[in-house]
Amino acid sequence: MKGKRFALISVLSAALLAFAVEPVAAQSTSIDLINGLNERLLLIGVPITILVEVILIYTVFKFRNNSDPKPTRENRRLEITWTIATAIILLFVGVASYGVLANPNITYMADQEVAPNEGDVVVEATAFQWGWNMTYPEEGGFSSGTNIVVPADQDVYFVITSDDVIHGFAVPELGLKQDAIPGQENVIKTVPTEPGTYQGYCTEYCGVSHSQMYFTVEVLPQDQYDQWVQDQQASANESSGNSSASGNSTASGNSSASGNSSASLAALTN
């Protein structure tokens, strides 16, 4: 009897502890939707688990000394009851899941427009063996290497592709995961809500250096993000200007060389 009570108290304590734990603040709308769905499914899963365990423990102790077991007689009411209960549970799970999976912050449909509103941020994430290249096509096309910087409380679109084999773009703390497929662009959308730095990595085994495919996502307040974009654009323009100046110098050198050749040829002719 003591063992039965102990087992029942243990199950109930574990269930209460699971509900008493304070959830961590969501870092994006995507992870908030995922966590919300998990909580709703727990509201169904935990009571069912407790009920099954209680019946199991009760049965084990009640019939542990039964030396002449007999088969249970058919009970249509019981069968109809658990069939209806199962249908209701599955309906609840289906409706709750569809409400999350149909959200653009979880599943972005191909017919939806990328960055339709002013202020939306687009990041093109291109994977290759074995690294990432992040570019900002709406901000002049500058590249930030493996570091993504986005503003908080703003729609952010990630356009993901690959240069060689299949890779995986994943940032678990932001609820982001999408395959990077050669010749195909996959889009995922989210709204970061908590400033901070979050770890991203490749989730598809893509070769011997797969473990090196890390990147970071840094979420900044809007004003700090705007300043970062200006700095990146200025740096890109400066690099472009230096490249142009170097190219002009080379061209001038070629002209001088051509002039010297012409002068030498004229002297020989005379």
# chains A, B, ... in the order shown; residues from 1 in each chain; ligands from 1
call {"tool": "residues_around", "arguments": {"residues": "Met109 in chain A", "least_positions_apart": "6", "cutoff": "12 Å", "atoms": "only C-alpha atoms", "output": "list in words"}}
result
Leu101, Ala102, Asn103, Glu185, Asn186, Val187, Ile188 and Lys189 of chain A
call {"tool": "residues_around", "arguments": {"residues": "range 217-224 of chain A", "least_positions_apart": "5", "cutoff": "6 Å", "atoms": "only C-alpha atoms", "output": "list in words"}}
result
Ile148, Val149, Val150, Pro151, Ala152, Pro195, Gly196, Thr197 and Tyr198 of chain A
call {"tool": "write_last_selection", "arguments": {"atoms": "N, CA, C and O atoms", "output": "PDB file, in the first residue's frame"}}
result
ATOM      1  N   ILE A 148      24.863  37.479 -38.902  1.00  0.00           N
ATOM      2  CA  ILE A 148      23.602  38.109 -39.282  1.00  0.00           C
ATOM      3  C   ILE A 148      23.224  39.112 -38.202  1.00  0.00           C
ATOM      4  O   ILE A 148      23.239  38.785 -37.007  1.00  0.00           O
ATOM      5  N   VAL A 149      22.875  40.320 -38.611  1.00  0.00           N
ATOM      6  CA  VAL A 149      22.403  41.346 -37.682  1.00  0.00           C
ATOM      7  C   VAL A 149      21.017  41.791 -38.135  1.00  0.00           C
ATOM      8  O   VAL A 149      20.830  42.133 -39.309  1.00  0.00           O
ATOM      9  N   VAL A 150      20.045  41.762 -37.226  1.00  0.00           N
ATOM     10  CA  VAL A 150      18.669  42.130 -37.556  1.00  0.00           C
ATOM     11  C   VAL A 150      18.099  42.999 -36.442  1.00  0.00           C
ATOM     12  O   VAL A 150      18.567  42.953 -35.299  1.00  0.00           O
ATOM     13  N   PRO A 151      17.069  43.787 -36.754  1.00  0.00           N
ATOM     14  CA  PRO A 151      16.454  44.633 -35.724  1.00  0.00           C
ATOM     15  C   PRO A 151      15.383  43.876 -34.940  1.00  0.00           C
ATOM     16  O   PRO A 151      14.758  42.949 -35.449  1.00  0.00           O
ATOM     17  N   ALA A 152      15.188  44.274 -33.705  1.00  0.00           N
ATOM     18  CA  ALA A 152      14.127  43.690 -32.880  1.00  0.00           C
ATOM     19  C   ALA A 152      12.772  44.256 -33.288  1.00  0.00           C
ATOM     20  O   ALA A 152      12.670  45.387 -33.784  1.00  0.00           O
ATOM     21  N   PRO A 195      16.515  41.404 -27.877  1.00  0.00           N
ATOM     22  CA  PRO A 195      17.893  41.657 -28.297  1.00  0.00           C
ATOM     23  C   PRO A 195      18.856  40.664 -27.664  1.00  0.00           C
ATOM     24  O   PRO A 195      18.686  40.245 -26.522  1.00  0.00           O
ATOM     25  N   GLY A 196      19.853  40.285 -28.431  1.00  0.00           N
ATOM     26  CA  GLY A 196      20.832  39.307 -27.949  1.00  0.00           C
ATOM     27  C   GLY A 196      21.516  38.648 -29.122  1.00  0.00           C
ATOM     28  O   GLY A 196      21.241  38.953 -30.286  1.00  0.00           O
ATOM     29  N   THR A 197      22.419  37.720 -28.810  1.00  0.00           N
ATOM     30  CA  THR A 197      23.154  36.981 -29.833  1.00  0.00           C
ATOM     31  C   THR A 197      22.775  35.510 -29.742  1.00  0.00           C
ATOM     32  O   THR A 197      22.836  34.914 -28.662  1.00  0.00           O
ATOM     33  N   TYR A 198      22.389  34.929 -30.870  1.00  0.00           N
ATOM     34  CA  TYR A 198      21.894  33.557 -30.908  1.00  0.00           C
ATOM     35  C   TYR A 198      22.735  32.724 -31.874  1.00  0.00           C
ATOM     36  O   TYR A 198      23.138  33.194 -32.933  1.00  0.00           O
TER      37      TYR A 198
END
call {"tool": "residues_around", "arguments": {"residues": "Val208 in chain A", "least_positions_apart": "4", "cutoff": "12 Å", "atoms": "only C-alpha atoms", "output": "list in words"}}
result
Gln129, Trp130, Glu204, Gln212 and Met213 of chain A
call {"tool": "write_last_selection", "arguments": {"atoms": "N, CA, C and O atoms", "output": "compact mmCIF listing (two decimals), in the first residue's frame"}}
result
# COMPACT_ATOMS: atom_id res chain seq x y z
N GLN A 129 30.18 24.39 -48.87
CA GLN A 129 31.09 23.54 -48.10
C GLN A 129 32.38 24.31 -47.80
O GLN A 129 33.19 24.53 -48.72
N TRP A 130 32.61 24.76 -46.56
CA TRP A 130 31.80 24.54 -45.39
C TRP A 130 31.71 25.86 -44.67
O TRP A 130 32.56 26.20 -43.85
N GLU A 204 22.34 19.60 -41.56
CA GLU A 204 22.45 18.48 -42.50
C GLU A 204 23.91 18.08 -42.63
O GLU A 204 24.76 18.92 -42.91
N GLN A 212 31.99 22.71 -38.67
CA GLN A 212 32.50 24.09 -38.67
C GLN A 212 31.49 25.10 -39.18
O GLN A 212 31.76 26.30 -39.18
N MET A 213 30.33 24.63 -39.60
CA MET A 213 29.35 25.53 -40.23
C MET A 213 28.47 26.23 -39.19
O MET A 213 27.28 25.99 -39.08
call {"tool": "closest_residue", "arguments": {"among": "A:Leu176, A:Leu78, A:Ile84, A:Ile89", "to": "Arg40 in chain A", "atoms": "only C-alpha atoms"}}
result
A:Ile89
call {"tool": "atom_distance", "arguments": {"atom1": "CA of Ile31 in chain A", "atom2": "CA of Glu194 in chain A"}}
result
11.4 Å
call {"tool": "residues_around", "arguments": {"residues": "Ala236 in chain A", "least_positions_apart": "5", "cutoff": "9 Å", "atoms": "only C-alpha atoms", "output": "count of residues only"}}
result
5
call {"tool": "closest_residue", "arguments": {"among": "A:Glu139, A:Trp132, A:Val54, A:Gln199", "to": "Ala234 in chain A", "atoms": "only C-alpha atoms"}}
result
A:Glu139
call {"tool": "atom_distance", "arguments": {"atom1": "CA of Glu173 in chain A", "atom2": "CA of Gln27 in chain A"}}
result
6.8 Å
call {"tool": "atom_distance", "arguments": {"atom1": "CA of Ala180 in chain A", "atom2": "CA of Thr126 in chain A"}}
result
7.6 Å
call {"tool": "select_by_dssp", "arguments": {"residues": "range 23-217 of chain A", "states": "strand (DSSP E)", "output": "PyMOL selection string"}}
result
chain A and resi 121-128+131-136+142-143+147-151+156-162+167-171+176-180+186-190+196-202+214-217
call {"tool": "write_last_selection", "arguments": {"atoms": "C-alpha atoms", "output": "JSON list (two decimals), in the first residue's frame"}}
result
[["chain", "number", "residue", "atom", "x", "y", "z"],
["A", 121, "VAL", "CA", 14.57, 43.10, -43.54],
["A", 122, "VAL", "CA", 15.75, 40.52, -46.08],
["A", 123, "VAL", "CA", 18.80, 38.36, -45.45],
["A", 124, "GLU", "CA", 20.07, 36.00, -48.13],
["A", 125, "ALA", "CA", 21.82, 33.03, -46.50],
["A", 126, "THR", "CA", 23.93, 31.07, -48.96],
["A", 127, "ALA", "CA", 25.52, 27.84, -47.72],
["A", 128, "PHE", "CA", 28.60, 26.19, -49.15],
["A", 131, "GLY", "CA", 30.52, 27.93, -44.41],
["A", 132, "TRP", "CA", 27.88, 30.63, -44.89],
["A", 133, "ASN", "CA", 27.67, 33.93, -46.73],
["A", 134, "MET", "CA", 25.03, 36.38, -45.52],
["A", 135, "THR", "CA", 24.04, 39.29, -47.79],
["A", 136, "TYR", "CA", 21.51, 42.13, -47.57],
["A", 142, "PHE", "CA", 26.74, 44.10, -48.84],
["A", 143, "SER", "CA", 27.92, 40.85, -47.22],
["A", 147, "ASN", "CA", 27.27, 37.17, -38.87],
["A", 148, "ILE", "CA", 23.60, 38.11, -39.28],
["A", 149, "VAL", "CA", 22.40, 41.35, -37.68],
["A", 150, "VAL", "CA", 18.67, 42.13, -37.56],
["A", 151, "PRO", "CA", 16.45, 44.63, -35.72],
["A", 156, "VAL", "CA", 12.76, 39.52, -40.97],
["A", 157, "TYR", "CA", 12.86, 37.26, -44.03],
["A", 158, "PHE", "CA", 15.61, 34.71, -44.59],
["A", 159, "VAL", "CA", 16.07, 33.59, -48.20],
["A", 160, "ILE", "CA", 18.07, 30.36, -47.98],
["A", 161, "THR", "CA", 19.91, 28.48, -50.71],
["A", 162, "SER", "CA", 23.10, 26.47, -51.30],
["A", 167, "HIS", "CA", 22.71, 22.10, -45.95],
["A", 168, "GLY", "CA", 20.42, 23.09, -43.07],
["A", 169, "PHE", "CA", 19.85, 26.60, -41.67],
["A", 170, "ALA", "CA", 18.87, 26.43, -37.99],
["A", 171, "VAL", "CA", 18.65, 28.85, -35.06],
["A", 176, "LEU", "CA", 14.12, 28.85, -37.18],
["A", 177, "LYS", "CA", 14.94, 25.81, -39.32],
["A", 178, "GLN", "CA", 14.99, 25.42, -43.10],
["A", 179, "ASP", "CA", 16.86, 23.34, -45.68],
["A", 180, "ALA", "CA", 19.38, 25.03, -47.98],
["A", 186, "ASN", "CA", 13.46, 28.63, -49.40],
["A", 187, "VAL", "CA", 12.04, 31.47, -47.30],
["A", 188, "ILE", "CA", 11.39, 31.59, -43.57],
["A", 189, "LYS", "CA", 10.05, 34.58, -41.66],
["A", 190, "THR", "CA", 10.11, 35.66, -38.06],
["A", 196, "GLY", "CA", 20.83, 39.31, -27.95],
["A", 197, "THR", "CA", 23.15, 36.98, -29.83],
["A", 198, "TYR", "CA", 21.89, 33.56, -30.91],
["A", 199, "GLN", "CA", 23.83, 30.59, -32.25],
["A", 200, "GLY", "CA", 23.03, 29.11, -35.65],
["A", 201, "TYR", "CA", 24.45, 26.08, -37.40],
["A", 202, "CYS", "CA", 24.01, 23.60, -40.24],
["A", 214, "TYR", "CA", 28.39, 27.91, -37.44],
["A", 215, "PHE", "CA", 26.94, 31.40, -37.74],
["A", 216, "THR", "CA", 25.44, 33.95, -35.37],
["A", 217, "VAL", "CA", 22.27, 36.02, -35.36]]
call {"tool": "select_by_dssp", "arguments": {"residues": "range 182-237 of chain A", "states": "alpha helix (DSSP H)", "output": "PyMOL selection string"}}
result
chain A and resi 222-237
call {"tool": "write_last_selection", "arguments": {"atoms": "N, CA, C and O atoms", "output": "short mmCIF file (atom, residue, chain, number, x, y, z; two decimals), in the first residue's frame"}}
result
data_model
loop_
_atom_site.label_atom_id
_atom_site.label_comp_id
_atom_site.auth_asym_id
_atom_site.auth_seq_id
_atom_site.Cartn_x
_atom_site.Cartn_y
_atom_site.Cartn_z
N GLN A 222 16.32 48.96 -33.00
CA GLN A 222 16.23 49.50 -34.35
C GLN A 222 17.29 50.56 -34.64
O GLN A 222 17.90 50.55 -35.71
N ASP A 223 17.53 51.47 -33.70
CA ASP A 223 18.50 52.54 -33.96
C ASP A 223 19.91 51.99 -34.10
O ASP A 223 20.69 52.43 -34.96
N GLN A 224 20.26 51.00 -33.29
CA GLN A 224 21.59 50.39 -33.40
C GLN A 224 21.72 49.60 -34.71
O GLN A 224 22.80 49.58 -35.32
N TYR A 225 20.64 48.96 -35.12
CA TYR A 225 20.67 48.24 -36.40
C TYR A 225 20.87 49.20 -37.56
O TYR A 225 21.66 48.94 -38.47
N ASP A 226 20.15 50.33 -37.55
CA ASP A 226 20.30 51.33 -38.62
C ASP A 226 21.74 51.82 -38.71
O ASP A 226 22.29 52.00 -39.81
N GLN A 227 22.36 52.05 -37.55
CA GLN A 227 23.75 52.51 -37.54
C GLN A 227 24.67 51.43 -38.09
O GLN A 227 25.62 51.72 -38.84
N TRP A 228 24.40 50.17 -37.74
CA TRP A 228 25.21 49.07 -38.25
C TRP A 228 25.11 48.98 -39.77
O TRP A 228 26.12 48.77 -40.45
N VAL A 229 23.91 49.14 -40.31
CA VAL A 229 23.72 49.09 -41.76
C VAL A 229 24.50 50.22 -42.44
O VAL A 229 25.18 50.01 -43.46
N GLN A 230 24.45 51.42 -41.87
CA GLN A 230 25.20 52.55 -42.44
C GLN A 230 26.70 52.28 -42.44
O GLN A 230 27.40 52.56 -43.42
N ASP A 231 27.18 51.70 -41.36
CA ASP A 231 28.61 51.39 -41.28
C ASP A 231 29.00 50.34 -42.32
O ASP A 231 30.06 50.45 -42.97
N GLN A 232 28.16 49.33 -42.51
CA GLN A 232 28.45 48.28 -43.48
C GLN A 232 28.42 48.84 -44.90
O GLN A 232 29.27 48.49 -45.74
N GLN A 233 27.46 49.71 -45.18
CA GLN A 233 27.38 50.31 -46.51
C GLN A 233 28.58 51.20 -46.80
O GLN A 233 29.14 51.17 -47.90
N ALA A 234 29.00 51.96 -45.79
CA ALA A 234 30.17 52.82 -45.97
C ALA A 234 31.42 51.99 -46.20
O ALA A 234 32.25 52.32 -47.06
N SER A 235 31.54 50.90 -45.47
CA SER A 235 32.70 50.03 -45.64
C SER A 235 32.70 49.38 -47.02
O SER A 235 33.75 49.28 -47.67
N ALA A 236 31.52 48.96 -47.47
CA ALA A 236 31.42 48.35 -48.80
C ALA A 236 31.75 49.35 -49.90
O ALA A 236 32.45 49.03 -50.87
N ASN A 237 31.27 50.61 -49.76
CA ASN A 237 31.55 51.65 -50.75
C ASN A 237 33.04 51.98 -50.78
O ASN A 237 33.63 52.21 -51.84
#
call {"tool": "closest_residue", "arguments": {"among": "A:Trp82, A:Val191, A:Ala96, A:Val60", "to": "Gly36 in chain A", "atoms": "only C-alpha atoms"}}
result
A:Ala96
call {"tool": "decode", "arguments": {"residues": "range 55-71 of chain A", "atoms": "all heavy atoms", "output": "CSV table (one decimal), in the first residue's frame"}}
result
chain,number,residue,atom,x,y,z
A,55,ILE,N,-4.2,3.9,-13.5
A,55,ILE,CA,-4.9,2.6,-13.8
A,55,ILE,C,-3.9,1.5,-13.8
A,55,ILE,O,-4.2,0.4,-13.3
A,55,ILE,CB,-5.6,2.7,-15.1
A,55,ILE,CG1,-6.7,3.7,-15.1
A,55,ILE,CG2,-6.1,1.4,-15.6
A,55,ILE,CD1,-7.4,4.0,-16.4
A,56,LEU,N,-2.7,1.7,-14.3
A,56,LEU,CA,-1.7,0.6,-14.4
A,56,LEU,C,-1.2,0.2,-13.0
A,56,LEU,O,-1.2,-1.0,-12.7
A,56,LEU,CB,-0.5,1.1,-15.2
A,56,LEU,CG,0.7,0.1,-15.4
A,56,LEU,CD1,0.2,-1.2,-16.1
A,56,LEU,CD2,1.8,0.8,-16.1
A,57,ILE,N,-0.9,1.2,-12.2
A,57,ILE,CA,-0.5,0.9,-10.8
A,57,ILE,C,-1.6,0.2,-10.0
A,57,ILE,O,-1.3,-0.8,-9.3
A,57,ILE,CB,0.0,2.2,-10.1
A,57,ILE,CG1,1.2,2.8,-10.8
A,57,ILE,CG2,0.3,2.0,-8.6
A,57,ILE,CD1,1.6,4.2,-10.3
A,58,TYR,N,-2.8,0.7,-10.2
A,58,TYR,CA,-4.0,0.1,-9.5
A,58,TYR,C,-4.1,-1.3,-9.9
A,58,TYR,O,-4.3,-2.2,-9.0
A,58,TYR,CB,-5.2,0.9,-9.8
A,58,TYR,CG,-6.5,0.2,-9.3
A,58,TYR,CD1,-6.9,0.3,-8.0
A,58,TYR,CD2,-7.3,-0.5,-10.2
A,58,TYR,CE1,-8.0,-0.4,-7.5
A,58,TYR,CE2,-8.5,-1.1,-9.8
A,58,TYR,CZ,-8.8,-1.1,-8.5
A,58,TYR,OH,-10.0,-1.7,-8.1
A,59,THR,N,-4.0,-1.6,-11.2
A,59,THR,CA,-4.2,-3.0,-11.7
A,59,THR,C,-3.1,-3.9,-11.2
A,59,THR,O,-3.4,-5.0,-10.8
A,59,THR,CB,-4.2,-3.0,-13.2
A,59,THR,OG1,-5.2,-2.1,-13.7
A,59,THR,CG2,-4.5,-4.3,-13.7
A,60,VAL,N,-1.9,-3.4,-11.2
A,60,VAL,CA,-0.8,-4.3,-10.7
A,60,VAL,C,-0.9,-4.7,-9.3
A,60,VAL,O,-0.7,-5.8,-8.9
A,60,VAL,CB,0.6,-3.5,-11.0
A,60,VAL,CG1,1.7,-4.3,-10.2
A,60,VAL,CG2,0.9,-3.4,-12.4
A,61,PHE,N,-1.3,-3.7,-8.4
A,61,PHE,CA,-1.4,-4.0,-7.0
A,61,PHE,C,-2.7,-4.8,-6.7
A,61,PHE,O,-2.7,-5.7,-5.8
A,61,PHE,CB,-1.4,-2.7,-6.2
A,61,PHE,CG,0.0,-2.2,-6.0
A,61,PHE,CD1,0.6,-1.3,-6.8
A,61,PHE,CD2,0.7,-2.6,-4.8
A,61,PHE,CE1,1.9,-0.9,-6.6
A,61,PHE,CE2,2.0,-2.1,-4.6
A,61,PHE,CZ,2.6,-1.3,-5.5
A,62,LYS,N,-3.8,-4.5,-7.4
A,62,LYS,CA,-5.0,-5.2,-7.1
A,62,LYS,C,-5.0,-6.6,-7.5
A,62,LYS,O,-5.5,-7.5,-6.7
A,62,LYS,CB,-6.2,-4.5,-7.7
A,62,LYS,CG,-7.5,-5.1,-7.4
A,62,LYS,CD,-8.7,-4.3,-8.0
A,62,LYS,CE,-10.0,-5.0,-7.7
A,62,LYS,NZ,-10.3,-5.1,-6.3
A,63,PHE,N,-4.4,-6.9,-8.6
A,63,PHE,CA,-4.4,-8.3,-9.1
A,63,PHE,C,-3.1,-9.0,-9.0
A,63,PHE,O,-2.8,-10.0,-9.7
A,63,PHE,CB,-4.9,-8.3,-10.6
A,63,PHE,CG,-6.3,-7.7,-10.8
A,63,PHE,CD1,-6.4,-6.4,-11.2
A,63,PHE,CD2,-7.4,-8.4,-10.4
A,63,PHE,CE1,-7.7,-5.9,-11.4
A,63,PHE,CE2,-8.7,-7.9,-10.6
A,63,PHE,CZ,-8.8,-6.6,-11.1
A,64,ARG,N,-2.2,-8.5,-8.2
A,64,ARG,CA,-0.8,-9.1,-8.1
A,64,ARG,C,-0.9,-10.5,-7.6
A,64,ARG,O,0.0,-11.3,-7.9
A,64,ARG,CB,0.1,-8.2,-7.3
A,64,ARG,CG,-0.3,-8.2,-5.8
A,64,ARG,CD,0.6,-7.2,-5.1
A,64,ARG,NE,0.4,-7.1,-3.7
A,64,ARG,CZ,-0.6,-6.4,-3.1
A,64,ARG,NH1,-1.4,-5.7,-3.9
A,64,ARG,NH2,-0.7,-6.4,-1.8
A,65,ASN,N,-1.9,-10.9,-6.8
A,65,ASN,CA,-2.0,-12.2,-6.2
A,65,ASN,C,-3.0,-13.1,-6.9
A,65,ASN,O,-3.5,-14.1,-6.3
A,65,ASN,CB,-2.2,-12.2,-4.7
A,65,ASN,CG,-1.0,-11.5,-4.0
A,65,ASN,OD1,0.1,-11.7,-4.3
A,65,ASN,ND2,-1.4,-10.7,-3.0
A,66,ASN,N,-3.5,-12.7,-8.0
A,66,ASN,CA,-4.6,-13.4,-8.7
A,66,ASN,C,-4.0,-14.6,-9.4
A,66,ASN,O,-3.2,-14.5,-10.4
A,66,ASN,CB,-5.3,-12.5,-9.7
A,66,ASN,CG,-6.5,-13.1,-10.3
A,66,ASN,OD1,-6.8,-14.3,-10.1
A,66,ASN,ND2,-7.2,-12.4,-11.1
A,67,SER,N,-4.3,-15.8,-8.9
A,67,SER,CA,-3.7,-17.0,-9.5
A,67,SER,C,-4.6,-17.6,-10.6
A,67,SER,O,-4.2,-18.6,-11.2
A,67,SER,CB,-3.5,-18.0,-8.4
A,67,SER,OG,-4.7,-18.3,-7.7
A,68,ASP,N,-5.8,-17.0,-10.8
A,68,ASP,CA,-6.7,-17.6,-11.8
A,68,ASP,C,-7.3,-16.4,-12.6
A,68,ASP,O,-8.5,-16.1,-12.5
A,68,ASP,CB,-7.9,-18.3,-11.0
A,68,ASP,CG,-8.8,-19.0,-12.0
A,68,ASP,OD1,-8.3,-19.3,-13.2
A,68,ASP,OD2,-10.0,-19.2,-11.7
A,69,PRO,N,-6.4,-15.8,-13.5
A,69,PRO,CA,-6.9,-14.7,-14.3
A,69,PRO,C,-7.9,-15.1,-15.3
A,69,PRO,O,-7.8,-16.2,-15.9
A,69,PRO,CB,-5.6,-14.2,-14.9
A,69,PRO,CG,-4.7,-15.4,-15.0
A,69,PRO,CD,-5.0,-16.2,-13.7
A,70,LYS,N,-8.9,-14.2,-15.6
A,70,LYS,CA,-9.9,-14.5,-16.6
A,70,LYS,C,-10.0,-13.3,-17.6
A,70,LYS,O,-9.7,-12.2,-17.2
A,70,LYS,CB,-11.2,-14.7,-15.9
A,70,LYS,CG,-11.3,-15.9,-15.0
A,70,LYS,CD,-12.7,-16.0,-14.4
A,70,LYS,CE,-12.7,-17.2,-13.4
A,70,LYS,NZ,-14.1,-17.4,-12.8
A,71,PRO,N,-10.3,-13.6,-18.8
A,71,PRO,CA,-10.4,-12.5,-19.8
A,71,PRO,C,-11.5,-11.5,-19.5
A,71,PRO,O,-12.5,-11.9,-18.9
A,71,PRO,CB,-10.6,-13.2,-21.1
A,71,PRO,CG,-11.2,-14.5,-20.7
A,71,PRO,CD,-10.6,-14.9,-19.4
